[in-house]
Structures are given as C-alpha cells and as structure tokens.
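What follows is the content of structure_9.txt, which has compact mmCIF, C-alpha atoms and all ligand atoms:
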# COMPACT_ATOMS: atom_id res chain seq x y z
CA MET S 1 0.00 0.00 0.00
CA VAL S 2 1.17 3.52 -0.78
CA GLU S 3 2.24 5.48 2.28
CA ARG S 4 0.41 8.81 2.41
CA GLN S 5 2.66 11.76 3.20
CA SER S 6 1.56 14.35 5.70
CA PRO S 7 1.40 17.92 4.40
CA LEU S 8 2.41 19.04 7.92
CA GLU S 9 5.73 17.19 7.92
CA PRO S 10 8.21 20.08 7.52
CA GLU S 11 6.50 21.89 10.41
CA PHE S 12 5.59 18.83 12.51
CA HIS S 13 8.01 18.67 15.44
CA ILE S 14 7.29 16.07 18.13
CA GLY S 15 7.84 17.34 21.67
CA SER S 16 7.01 20.25 23.95
CA HIS S 17 7.19 23.82 22.70
CA GLY S 18 6.57 27.39 23.76
CA ASN S 19 6.01 28.41 27.35
CA PHE S 20 5.69 24.90 28.84
CA GLU S 21 7.73 25.33 32.07
CA HIS S 22 4.49 25.07 34.08
CA GLY S 23 3.22 22.13 32.01
CA VAL S 24 1.62 21.88 28.59
CA GLU S 25 -2.02 22.87 28.29
CA ILE S 26 -2.44 21.96 24.63
CA ILE S 27 -1.78 18.73 22.72
CA LEU S 28 -1.59 19.03 18.94
CA THR S 29 -1.57 16.04 16.62
CA GLU S 30 -2.63 14.90 13.17
CA THR S 31 -5.29 12.21 13.29
CA GLY S 32 -4.58 11.11 9.70
CA PRO S 33 -7.78 9.19 8.96
CA GLY S 34 -7.57 6.71 6.07
CA SER S 35 -10.95 7.91 4.78
CA ILE S 36 -12.67 11.28 4.77
CA VAL S 37 -15.96 11.24 2.88
CA GLN S 38 -18.57 13.91 2.28
CA LEU S 39 -22.16 12.77 1.80
CA ALA S 40 -25.04 14.90 0.53
CA ALA S 41 -28.71 13.93 0.32
CA TRP S 42 -31.08 15.25 -2.32
CA PRO S 43 -33.93 17.24 -0.73
CA GLY S 44 -36.31 14.80 0.98
CA GLU S 45 -33.81 11.91 0.97
CA GLU S 46 -32.04 12.85 4.22
CA LYS S 47 -33.50 9.97 6.25
CA LYS S 48 -32.31 7.40 3.71
CA LEU S 49 -28.83 8.89 3.80
CA ILE S 50 -28.78 8.82 7.60
CA ALA S 51 -29.85 5.16 7.43
CA ALA S 52 -27.01 4.45 4.98
CA ILE S 53 -24.53 6.02 7.41
CA ARG S 54 -25.85 3.72 10.11
CA THR S 55 -25.51 0.67 7.86
CA VAL S 56 -22.07 1.44 6.44
CA ALA S 57 -20.33 3.16 9.37
CA GLY S 58 -22.38 1.76 12.27
CA LEU S 59 -22.96 5.28 13.57
CA ALA S 60 -26.47 6.45 14.54
CA LEU S 61 -26.64 10.20 13.94
CA PRO S 62 -28.50 12.19 16.58
CA ASP S 63 -31.29 14.52 15.44
CA GLY S 64 -30.59 18.14 14.75
CA ALA S 65 -28.38 20.59 12.92
CA GLY S 66 -24.67 19.86 13.29
CA GLY S 67 -25.34 16.68 15.25
CA GLY S 68 -22.71 13.95 15.22
CA LEU S 69 -20.76 11.35 17.13
CA SER S 70 -17.46 9.53 17.17
CA ASP S 71 -16.61 6.03 18.40
CA GLY S 72 -12.88 6.76 18.38
CA VAL S 73 -12.37 4.97 15.06
CA LYS S 74 -15.17 6.37 12.90
CA SER S 75 -16.69 9.83 13.17
CA VAL S 76 -19.67 11.54 11.57
CA PHE S 77 -21.22 14.98 11.83
CA GLY S 78 -23.62 17.20 9.93
CA PHE S 79 -22.03 20.30 8.42
CA ALA S 80 -24.94 21.65 6.33
CA PRO S 81 -28.58 20.77 5.72
CA GLY S 82 -28.63 17.15 4.48
CA LYS S 83 -24.82 17.00 4.30
CA PHE S 84 -22.42 15.00 6.44
CA THR S 85 -18.71 14.39 6.85
CA VAL S 86 -17.65 10.84 7.77
CA ALA S 87 -14.10 9.86 8.70
CA ASP S 88 -12.63 6.42 9.36
CA GLU S 89 -9.18 5.27 10.45
CA ALA S 90 -9.37 2.67 7.69
CA GLU S 91 -9.27 3.34 3.97
CA GLY S 92 -12.08 2.37 1.60
CA LEU S 93 -15.03 4.18 3.19
CA ALA S 94 -15.96 6.01 -0.02
CA GLY S 95 -16.25 2.72 -1.91
CA ALA S 96 -18.52 1.28 0.77
CA PHE S 97 -20.75 4.37 0.68
CA ALA S 98 -20.87 4.40 -3.11
CA LYS S 99 -22.71 1.06 -2.92
CA ALA S 100 -25.17 2.16 -0.20
CA VAL S 101 -25.86 5.73 -1.32
CA THR S 102 -27.62 5.24 -4.64
CA PRO S 103 -27.83 8.12 -7.16
CA ALA S 104 -31.48 8.53 -6.11
CA ILE S 105 -30.47 9.22 -2.49
CA GLY S 106 -27.54 11.57 -2.93
CA THR S 107 -23.86 11.94 -3.62
CA VAL S 108 -20.59 10.59 -2.20
CA THR S 109 -17.39 12.66 -2.45
CA ASP S 110 -14.09 11.10 -1.43
CA LEU S 111 -12.02 13.79 0.31
CA SER S 112 -9.49 11.40 1.88
CA HIS S 113 -6.64 13.08 0.01
CA GLY S 114 -8.19 16.53 -0.02
CA ARG S 115 -8.52 17.25 3.68
CA THR S 116 -6.15 17.10 6.64
CA ALA S 117 -7.49 16.38 10.12
CA ILE S 118 -5.77 18.18 12.99
CA ARG S 119 -6.61 17.41 16.61
CA ILE S 120 -6.29 19.97 19.38
CA ALA S 121 -6.81 18.75 22.93
CA GLY S 122 -6.24 19.96 26.45
CA PRO S 123 -7.73 22.30 29.05
CA LYS S 124 -7.02 25.38 26.89
CA ALA S 125 -8.29 23.94 23.58
CA GLU S 126 -11.45 26.09 23.62
CA TRP S 127 -9.37 29.13 24.49
CA VAL S 128 -6.93 28.63 21.60
CA LEU S 129 -9.68 27.94 19.06
CA ALA S 130 -11.53 31.06 20.18
CA LYS S 131 -8.56 33.02 18.79
CA PHE S 132 -9.31 31.58 15.36
CA PHE S 133 -13.02 31.12 14.96
CA ALA S 134 -15.95 33.40 15.80
CA ILE S 135 -18.16 30.60 17.15
CA ASP S 136 -19.18 29.53 20.63
CA PHE S 137 -16.92 26.69 21.82
CA ALA S 138 -18.54 26.33 25.27
CA LEU S 139 -19.70 22.77 25.91
CA PRO S 140 -23.47 23.58 26.20
CA ALA S 141 -23.38 25.41 22.84
CA PHE S 142 -21.06 22.92 21.14
CA PRO S 143 -21.70 19.45 22.60
CA VAL S 144 -19.41 16.42 22.24
CA GLY S 145 -19.86 14.81 18.82
CA ALA S 146 -21.31 17.91 17.18
CA GLY S 147 -19.83 19.53 14.06
CA ARG S 148 -19.53 23.13 12.90
CA SER S 149 -18.77 24.69 9.51
CA THR S 150 -16.96 27.97 9.73
CA THR S 151 -14.01 29.87 8.30
CA HIS S 152 -10.61 31.09 9.40
CA HIS S 153 -9.53 34.13 7.38
CA ASP S 154 -12.07 33.19 4.70
CA VAL S 155 -10.76 29.62 4.43
CA PHE S 156 -13.17 26.82 5.26
CA ALA S 157 -12.79 24.63 8.30
CA GLN S 158 -15.03 21.92 9.66
CA ILE S 159 -14.72 21.29 13.37
CA GLN S 160 -15.99 18.29 15.33
CA ARG S 161 -15.85 18.17 19.11
CA THR S 162 -14.61 14.65 19.90
CA GLY S 163 -14.19 15.16 23.66
CA SER S 164 -15.03 17.70 26.35
CA ASP S 165 -11.64 19.34 25.71
CA GLN S 166 -10.81 17.89 22.29
CA PHE S 167 -11.59 19.06 18.75
CA ASP S 168 -10.83 17.60 15.30
CA ILE S 169 -10.43 20.27 12.62
CA TYR S 170 -10.74 19.35 8.94
CA VAL S 171 -8.97 21.82 6.65
CA PHE S 172 -7.97 21.81 2.99
CA ARG S 173 -4.81 19.78 2.57
CA SER S 174 -3.11 22.61 0.67
CA PHE S 175 -3.91 24.95 3.56
CA ALA S 176 -3.09 22.52 6.36
CA ARG S 177 0.56 23.41 6.93
CA SER S 178 -0.17 27.12 7.19
CA PHE S 179 -3.07 26.43 9.55
CA TRP S 180 -0.93 24.06 11.62
CA LYS S 181 1.79 26.72 12.00
CA ALA S 182 -0.83 29.25 13.08
CA LEU S 183 -2.19 26.78 15.65
CA CYS S 184 1.32 26.24 17.02
CA HIS S 185 1.92 29.99 17.28
CA ALA S 186 -1.43 30.49 19.02
CA SER S 187 -0.55 27.75 21.55
CA GLU S 188 2.96 29.03 22.30
CA GLU S 189 2.07 31.33 25.16
CA ILE S 190 0.52 28.50 27.21
CA GLY S 191 2.85 25.68 26.18
CA TYR S 192 1.94 22.87 23.81
CA GLU S 193 3.08 19.39 22.95
CA VAL S 194 3.07 17.85 19.50
CA GLN S 195 2.41 14.10 19.54
CA MET Z 1 -23.91 42.39 12.77
CA LEU Z 2 -24.93 38.82 13.56
CA ILE Z 3 -27.14 36.67 11.36
CA THR Z 4 -28.67 33.61 12.99
CA CYS Z 5 -28.40 30.86 10.38
CA PRO Z 6 -31.24 28.34 10.84
CA TYR Z 7 -28.65 25.55 10.60
CA CYS Z 8 -25.49 26.98 12.19
CA GLY Z 9 -26.85 29.43 14.75
CA PRO Z 10 -25.65 33.03 15.25
CA ARG Z 11 -22.63 33.90 13.10
CA ASP Z 12 -20.71 37.04 12.23
CA VAL Z 13 -21.76 38.79 9.04
CA VAL Z 14 -18.33 38.13 7.46
CA GLU Z 15 -19.41 34.49 7.03
CA PHE Z 16 -22.30 35.57 4.79
CA THR Z 17 -22.56 36.84 1.21
CA TYR Z 18 -25.33 39.20 0.13
CA GLN Z 19 -27.20 37.76 -2.83
CA GLY Z 20 -29.41 40.71 -3.57
CA ASP Z 21 -32.87 42.12 -3.11
CA GLY Z 22 -35.39 39.44 -2.08
CA ASN Z 23 -38.36 41.27 -3.58
CA ARG Z 24 -37.39 40.65 -7.20
CA GLU Z 25 -39.51 38.30 -9.25
CA ARG Z 26 -37.55 36.59 -11.99
CA PRO Z 27 -39.50 36.29 -15.26
CA ASP Z 28 -39.65 32.93 -17.00
CA PRO Z 29 -36.27 32.50 -18.76
CA ALA Z 30 -38.10 32.25 -22.10
CA SER Z 31 -40.08 35.44 -21.46
CA GLN Z 32 -39.68 38.28 -23.94
CA ASN Z 33 -41.52 40.71 -21.73
CA PHE Z 34 -38.90 43.45 -21.64
CA GLU Z 35 -40.71 45.46 -18.99
CA ALA Z 36 -40.71 42.45 -16.67
CA TRP Z 37 -37.00 41.88 -17.29
CA ASN Z 38 -36.28 45.57 -16.80
CA ALA Z 39 -38.13 45.50 -13.48
CA TYR Z 40 -36.26 42.36 -12.42
CA VAL Z 41 -32.86 43.82 -13.20
CA TYR Z 42 -33.31 47.48 -12.19
CA ASP Z 43 -36.38 48.19 -10.06
CA ARG Z 44 -35.64 48.28 -6.35
CA LEU Z 45 -37.79 49.41 -3.42
CA ASN Z 46 -34.77 50.77 -1.51
CA PRO Z 47 -36.75 51.15 1.71
CA ALA Z 48 -35.55 52.99 4.81
CA GLY Z 49 -36.64 50.17 7.10
CA ASP Z 50 -37.43 46.48 6.82
CA HIS Z 51 -36.08 44.91 3.65
CA ASN Z 52 -36.44 41.39 2.19
CA GLU Z 53 -33.01 40.11 1.25
CA ILE Z 54 -31.28 36.96 0.00
CA TRP Z 55 -28.07 35.94 1.75
CA GLN Z 56 -25.87 32.89 1.49
CA HIS Z 57 -24.05 31.43 4.48
CA SER Z 58 -21.03 31.13 2.20
CA GLY Z 59 -18.55 30.72 5.06
CA GLY Z 60 -20.59 28.07 6.85
CA CYS Z 61 -23.25 25.62 5.69
CA ARG Z 62 -23.56 27.43 2.33
CA ALA Z 63 -27.37 27.46 2.53
CA HIS Z 64 -29.25 30.29 0.83
CA LEU Z 65 -31.35 32.29 3.26
CA ARG Z 66 -34.31 34.64 3.25
CA VAL Z 67 -33.42 37.48 5.58
CA VAL Z 68 -35.46 40.50 6.67
CA ARG Z 69 -33.04 43.26 7.66
CA ASN Z 70 -33.76 46.78 8.79
CA THR Z 71 -31.70 49.04 6.55
CA LEU Z 72 -31.62 51.81 9.17
CA THR Z 73 -30.59 49.77 12.22
CA HIS Z 74 -29.14 46.58 10.64
CA GLU Z 75 -31.44 44.62 12.94
CA ILE Z 76 -32.07 41.12 11.54
CA LEU Z 77 -35.79 40.49 11.99
CA SER Z 78 -36.04 37.00 10.52
CA VAL Z 79 -33.94 34.33 8.83
CA ALA Z 80 -35.26 31.26 7.01
CA PHE Z 81 -33.98 28.75 4.48
CA MET Z 82 -34.79 29.58 0.86
CA ARG Z 83 -35.53 25.87 0.46
CA SER Z 84 -38.29 24.94 2.86
CA THR Z 85 -37.35 21.21 2.92
CA HIS Z 86 -34.15 22.15 4.74
CA THR Z 87 -36.06 22.78 7.95
CA SER Z 88 -36.32 19.03 8.58
CA THR Z 89 -32.64 18.79 9.50
CA ALA Z 90 -32.56 21.96 11.59
CA ARG Z 91 -34.72 20.89 14.50
CA ARG Z 92 -32.33 21.63 17.35
CA LYS Z 93 -31.67 25.23 16.37
CA ALA Z 94 -35.34 25.82 15.67
CA GLU Z 95 -36.29 24.52 19.12
CA ASP Z 96 -33.59 26.64 20.77
CA LYS Z 97 -35.18 29.78 19.39
CA SER Z 98 -38.72 29.05 20.62
ZN ZN S 201 -25.28 28.13 8.08

Take the structure in the file and give it back as structure tokens.
Amino acid sequence: MVERQSPLEPEFHIGSHGNFEHGVEIILTETGPGSIVQLAAWPGEEKKLIAAIRTVAGLALPDGAGGGLSDGVKSVFGFAPGKFTVADEAEGLAGAFAKAVTPAIGTVTDLSHGRTAIRIAGPKAEWVLAKFFAIDFALPAFPVGAGRSTTHHDVFAQIQRTGSDQFDIYVFRSFARSFWKALCHASEEIGYEVQ
Amino acid sequence: MLITCPYCGPRDVVEFTYQGDGNRERPDPASQNFEAWNAYVYDRLNPAGDHNEIWQHSGGCRAHLRVVRNTLTHEILSVAFMRSTHTSTARRKAEDKS
C-alpha cells in the first residue's frame, strides 16, 4: 500500500514547545484518517442517507443541525442541511458508501486526500480555538460529537468536538501546513506538545 | 452584525454573502416581456426600514437564506432557508429559538 505523506511534515516537530515550564495545556496532533468522505442527500432523501450512514459506518446520527458522534475509530457529523462528513481510520469508506448511497439518495465525495485532520486537545483547547473562529466553543453550545462549519480568514474549516476538551479540525490539505503553523503559534504562550 | 443561520446558529456577518434584493420576481427565462425583465434587473424598493433580502451562508453551511433586515438599524428580523425542505434537518436550532 502507498504510504500517504503528511502535508504538515516540515513543520511537525514532536515534543514540547513554547512556554511549557508550568506544564503543557495543549496537545496538537494529526489524526490522519484513512478515509474522509462527504455525503449529501437530495432534498427529501435525508433519512435514507442517515440510514445508509448507520448501515455502512455503524454510527447512529442524533437529530438536529450539526449533530454527530465519534466512536474513536469512525466519526460523523452534519455540516450543512442534508450534508455530512464521515471519517474512518481505515481506507475504503468512499467505496462502501458508493454502494449504499444510490444516485437517487444523494452523492458521495471522497475527500481522503483533499482534507487534513488536525486534533487539538487539552484544558485550553477552547481558548486557543476562540482566537481563530468566531463561534461559541462552550460545551453547552457545542456538545461532544457535534460539528460546525466555519471559516478562518475566509478559508473553510469543519470542526468536530470529539471530547469535552478535544476538537478535530478538517482543513484543505493545501492549507493545512499554514493552519498548523498558526495553531502552534497560538498555543505558544501557554505551552503545547506535538504528539 | 450577527445573522442567525437556521442551521449553524448566530454567526458574524463576514461568514455571509449578500445575494441581492429578495423582492425581485424573476420572469420565465423564455419570457420576452422586456418590462418584466427591466423591473427584475433594475427596479428596487430601496426602503428605509425592513427589507427582504437573499443571503448565502457562504462561510458556513452554504445554505441560501431569506433574511429580513432593517436598513436603518441593521437589525435582523427573521432568517429562514430559501428551500423549505431544509427545515427538517434543523430541529435543534429551531427549538432553541422558541
Ligand atoms: Zn449556516
């Protein structure tokens, strides 16, 4: 199998950085899922698409805008009306969905090579992300599992909360290294560790 | 200025793109009624007050929205999906508002 290179590599430095004398408050890492797939239902076909996600990924989406969940291996969240992002540690998710999501239900777009998933975790994760995005990161407003579509300097980002103090950010692969560097700079003042 | 997207919730105006006056009525594409086309392209109410507008949440869910905005105060009086079928997946936000 072909080894996929990380776009972060020249700027990806394992270890503690910044002002970490009093301990690190941020952990940064690349989750590197094997599959990132975007699914879109035609109007009125949303329930069939949600059923297909349950069949293929084994994930039962909660009701509501931006709802989602993660089992640690596979993740899904809504990012727009009738549209969902699904990620899996394993490759081949797009092929599995292409069989289940018929042309009458909607579309499957394989973004496995087009997006980079960056994880930010730690007690100051909300605080660092608040420097970047004008959305409410507080747990009641942004519950675990939920997804959000927003922008950083006019560039798209999809964010899923995968823990009370953990977020997975999906950015364009070509933009990932720049975004990663910005995340590192924003975490410097409180100390961060790259894993 | 904040616009409360029915899907995404309240977001800064920089995430949105103005798509024009929401009062226009587009003639049938095959229509040769030049007065109707002229009205569609040029006639605007330009009110000093509540105004029907079309916006797109271009920096978020990318849905097209019907917005009523007060042109004097920038108050957003209502926001709804252009496509009514979209409401079915926006239950949580809709419930939050009521
Ligand atoms: Zn939106």

Quick one: of S:His113, S:Lys124, S:His185, S:Arg54, who's nearest to S:Gly23, counting only C-alpha atoms?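 Among S:His113, S:Lys124, S:His185, S:Arg54, it is S:Lys124 that comes nearest to S:Gly23.
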
Counting only C-alpha atoms, which residues of chain S fall within 9 Å of chain Z, and what is the closest atom pair for each with its distance in Å at one decimal, ordered by chain and rising number, as a Markdown table?
| residue | atom | partner | partner_atom | distance |
| --- | --- | --- | --- | --- |
| S:Pro43 | CA | Z:Thr85 | CA | 6.4 |
| S:Gly44 | CA | Z:Thr85 | CA | 6.8 |
| S:Glu46 | CA | Z:Thr89 | CA | 8.0 |
| S:Asp63 | CA | Z:Arg91 | CA | 7.3 |
| S:Gly64 | CA | Z:Arg92 | CA | 4.7 |
| S:Ala65 | CA | Z:Ala90 | CA | 4.6 |
| S:Gly66 | CA | Z:Cys8 | CA | 7.3 |
| S:Gly67 | CA | Z:Arg92 | CA | 8.8 |
| S:Phe79 | CA | Z:Cys61 | CA | 6.1 |
| S:Ala80 | CA | Z:Cys61 | CA | 4.4 |
| S:Pro81 | CA | Z:His86 | CA | 5.8 |
| S:Gly82 | CA | Z:Thr89 | CA | 6.6 |
| S:Lys83 | CA | Z:Cys61 | CA | 8.9 |
| S:Ala134 | CA | Z:Asp12 | CA | 7.0 |
| S:Ile135 | CA | Z:Arg11 | CA | 6.9 |
| S:Arg148 | CA | Z:Cys8 | CA | 7.1 |
| S:Ser149 | CA | Z:Gly60 | CA | 4.7 |
| S:Thr150 | CA | Z:Gly60 | CA | 4.6 |
| S:Thr151 | CA | Z:Gly59 | CA | 5.6 |
| S:Asp154 | CA | Z:Gly59 | CA | 6.9 |
| S:Val155 | CA | Z:Gly59 | CA | 7.9 |
| S:Phe156 | CA | Z:Gly59 | CA | 6.6 |
| S:Ala157 | CA | Z:Gly60 | CA | 8.6 |
| S:Gln158 | CA | Z:Gly60 | CA | 8.8 |

Please indicate the distance in Å from atom CA of S:Glu11 to atom CA of S:Ser178, rounded to one decimal place.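 Computed distance, atom CA of S:Glu11 to atom CA of S:Ser178, equals 9.1 Å.
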
Give me, please, the distance in Å between atom CA of Z:Asp50 and atom CA of Z:Val68, quoted to one decimal.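 Here the two named atoms are 6.3 Å from each other.
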
List every protein, DNA or RNA residue that has at least one atom no more than 10 Å from (-5.9, 18.0, 1.3) in the file's coordinates, counting only C-alpha atoms, and write the result as a VMD selection string. chain S and resid 6 to 7 111 to 117 170 to 176

Return the single residue from Z:Arg44, Z:Arg24, Z:His74, Z:His64 that is closest to ligand ZN 201 (chain S), with distances computed using only C-alpha atoms and all ligand atoms. Z:His64

Could you pull stretch 34-57 of chain Z out of the structure I just pasted and write it to a file containing N, CA and C atoms, as an mmCIF file, in the first residue's frame?
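Once written, out36.cif looks like this:
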data_model
loop_
_atom_site.group_PDB
_atom_site.id
_atom_site.type_symbol
_atom_site.label_atom_id
_atom_site.label_comp_id
_atom_site.auth_asym_id
_atom_site.auth_seq_id
_atom_site.Cartn_x
_atom_site.Cartn_y
_atom_site.Cartn_z
ATOM 1 N N PHE Z 34 -40.056 42.624 -22.000
ATOM 2 C CA PHE Z 34 -38.903 43.446 -21.644
ATOM 3 C C PHE Z 34 -39.157 44.288 -20.405
ATOM 4 N N GLU Z 35 -40.425 44.669 -20.192
ATOM 5 C CA GLU Z 35 -40.713 45.456 -18.993
ATOM 6 C C GLU Z 35 -40.510 44.623 -17.731
ATOM 7 N N ALA Z 36 -40.900 43.339 -17.827
ATOM 8 C CA ALA Z 36 -40.710 42.446 -16.674
ATOM 9 C C ALA Z 36 -39.225 42.235 -16.409
ATOM 10 N N TRP Z 37 -38.450 42.048 -17.472
ATOM 11 C CA TRP Z 37 -37.004 41.879 -17.295
ATOM 12 C C TRP Z 37 -36.349 43.152 -16.757
ATOM 13 N N ASN Z 38 -36.815 44.291 -17.272
ATOM 14 C CA ASN Z 38 -36.277 45.570 -16.803
ATOM 15 C C ASN Z 38 -36.547 45.738 -15.301
ATOM 16 N N ALA Z 39 -37.772 45.377 -14.901
ATOM 17 C CA ALA Z 39 -38.128 45.501 -13.481
ATOM 18 C C ALA Z 39 -37.277 44.561 -12.633
ATOM 19 N N TYR Z 40 -37.045 43.344 -13.165
ATOM 20 C CA TYR Z 40 -36.256 42.356 -12.423
ATOM 21 C C TYR Z 40 -34.816 42.830 -12.217
ATOM 22 N N VAL Z 41 -34.269 43.438 -13.254
ATOM 23 C CA VAL Z 41 -32.860 43.824 -13.196
ATOM 24 C C VAL Z 41 -32.663 45.158 -12.463
ATOM 25 N N TYR Z 42 -33.601 46.120 -12.675
ATOM 26 C CA TYR Z 42 -33.310 47.480 -12.186
ATOM 27 C C TYR Z 42 -34.208 47.977 -11.063
ATOM 28 N N ASP Z 43 -35.461 47.563 -11.021
ATOM 29 C CA ASP Z 43 -36.379 48.187 -10.059
ATOM 30 C C ASP Z 43 -36.120 47.690 -8.648
ATOM 31 N N ARG Z 44 -35.871 48.632 -7.750
ATOM 32 C CA ARG Z 44 -35.638 48.280 -6.351
ATOM 33 C C ARG Z 44 -36.490 49.184 -5.470
ATOM 34 N N LEU Z 45 -36.963 48.622 -4.347
ATOM 35 C CA LEU Z 45 -37.786 49.405 -3.423
ATOM 36 C C LEU Z 45 -36.922 50.382 -2.630
ATOM 37 N N ASN Z 46 -35.707 49.951 -2.285
ATOM 38 C CA ASN Z 46 -34.770 50.770 -1.512
ATOM 39 C C ASN Z 46 -35.416 51.393 -0.280
ATOM 40 N N PRO Z 47 -36.029 50.585 0.561
ATOM 41 C CA PRO Z 47 -36.748 51.153 1.707
ATOM 42 C C PRO Z 47 -35.805 51.611 2.817
ATOM 43 N N ALA Z 48 -36.247 52.614 3.572
ATOM 44 C CA ALA Z 48 -35.551 52.992 4.806
ATOM 45 C C ALA Z 48 -36.275 52.263 5.933
ATOM 46 N N GLY Z 49 -35.934 50.989 6.105
ATOM 47 C CA GLY Z 49 -36.642 50.173 7.095
ATOM 48 C C GLY Z 49 -36.486 48.704 6.759
ATOM 49 N N ASP Z 50 -37.515 47.926 7.035
ATOM 50 C CA ASP Z 50 -37.430 46.477 6.823
ATOM 51 C C ASP Z 50 -37.298 46.142 5.337
ATOM 52 N N HIS Z 51 -36.387 45.220 5.038
ATOM 53 C CA HIS Z 51 -36.082 44.906 3.649
ATOM 54 C C HIS Z 51 -35.915 43.400 3.486
ATOM 55 N N ASN Z 52 -36.609 42.820 2.488
ATOM 56 C CA ASN Z 52 -36.441 41.391 2.189
ATOM 57 C C ASN Z 52 -35.153 41.190 1.409
ATOM 58 N N GLU Z 53 -34.303 40.300 1.891
ATOM 59 C CA GLU Z 53 -33.007 40.109 1.248
ATOM 60 C C GLU Z 53 -32.680 38.625 1.108
ATOM 61 N N ILE Z 54 -31.789 38.322 0.160
ATOM 62 C CA ILE Z 54 -31.284 36.959 0.000
ATOM 63 C C ILE Z 54 -29.808 36.969 0.405
ATOM 64 N N TRP Z 55 -29.464 36.081 1.314
ATOM 65 C CA TRP Z 55 -28.073 35.945 1.751
ATOM 66 C C TRP Z 55 -27.669 34.480 1.617
ATOM 67 N N GLN Z 56 -26.376 34.261 1.454
ATOM 68 C CA GLN Z 56 -25.873 32.891 1.494
ATOM 69 C C GLN Z 56 -24.883 32.763 2.649
ATOM 70 N N HIS Z 57 -25.021 31.681 3.411
ATOM 71 C CA HIS Z 57 -24.055 31.432 4.485
ATOM 72 C C HIS Z 57 -22.802 30.808 3.853
#
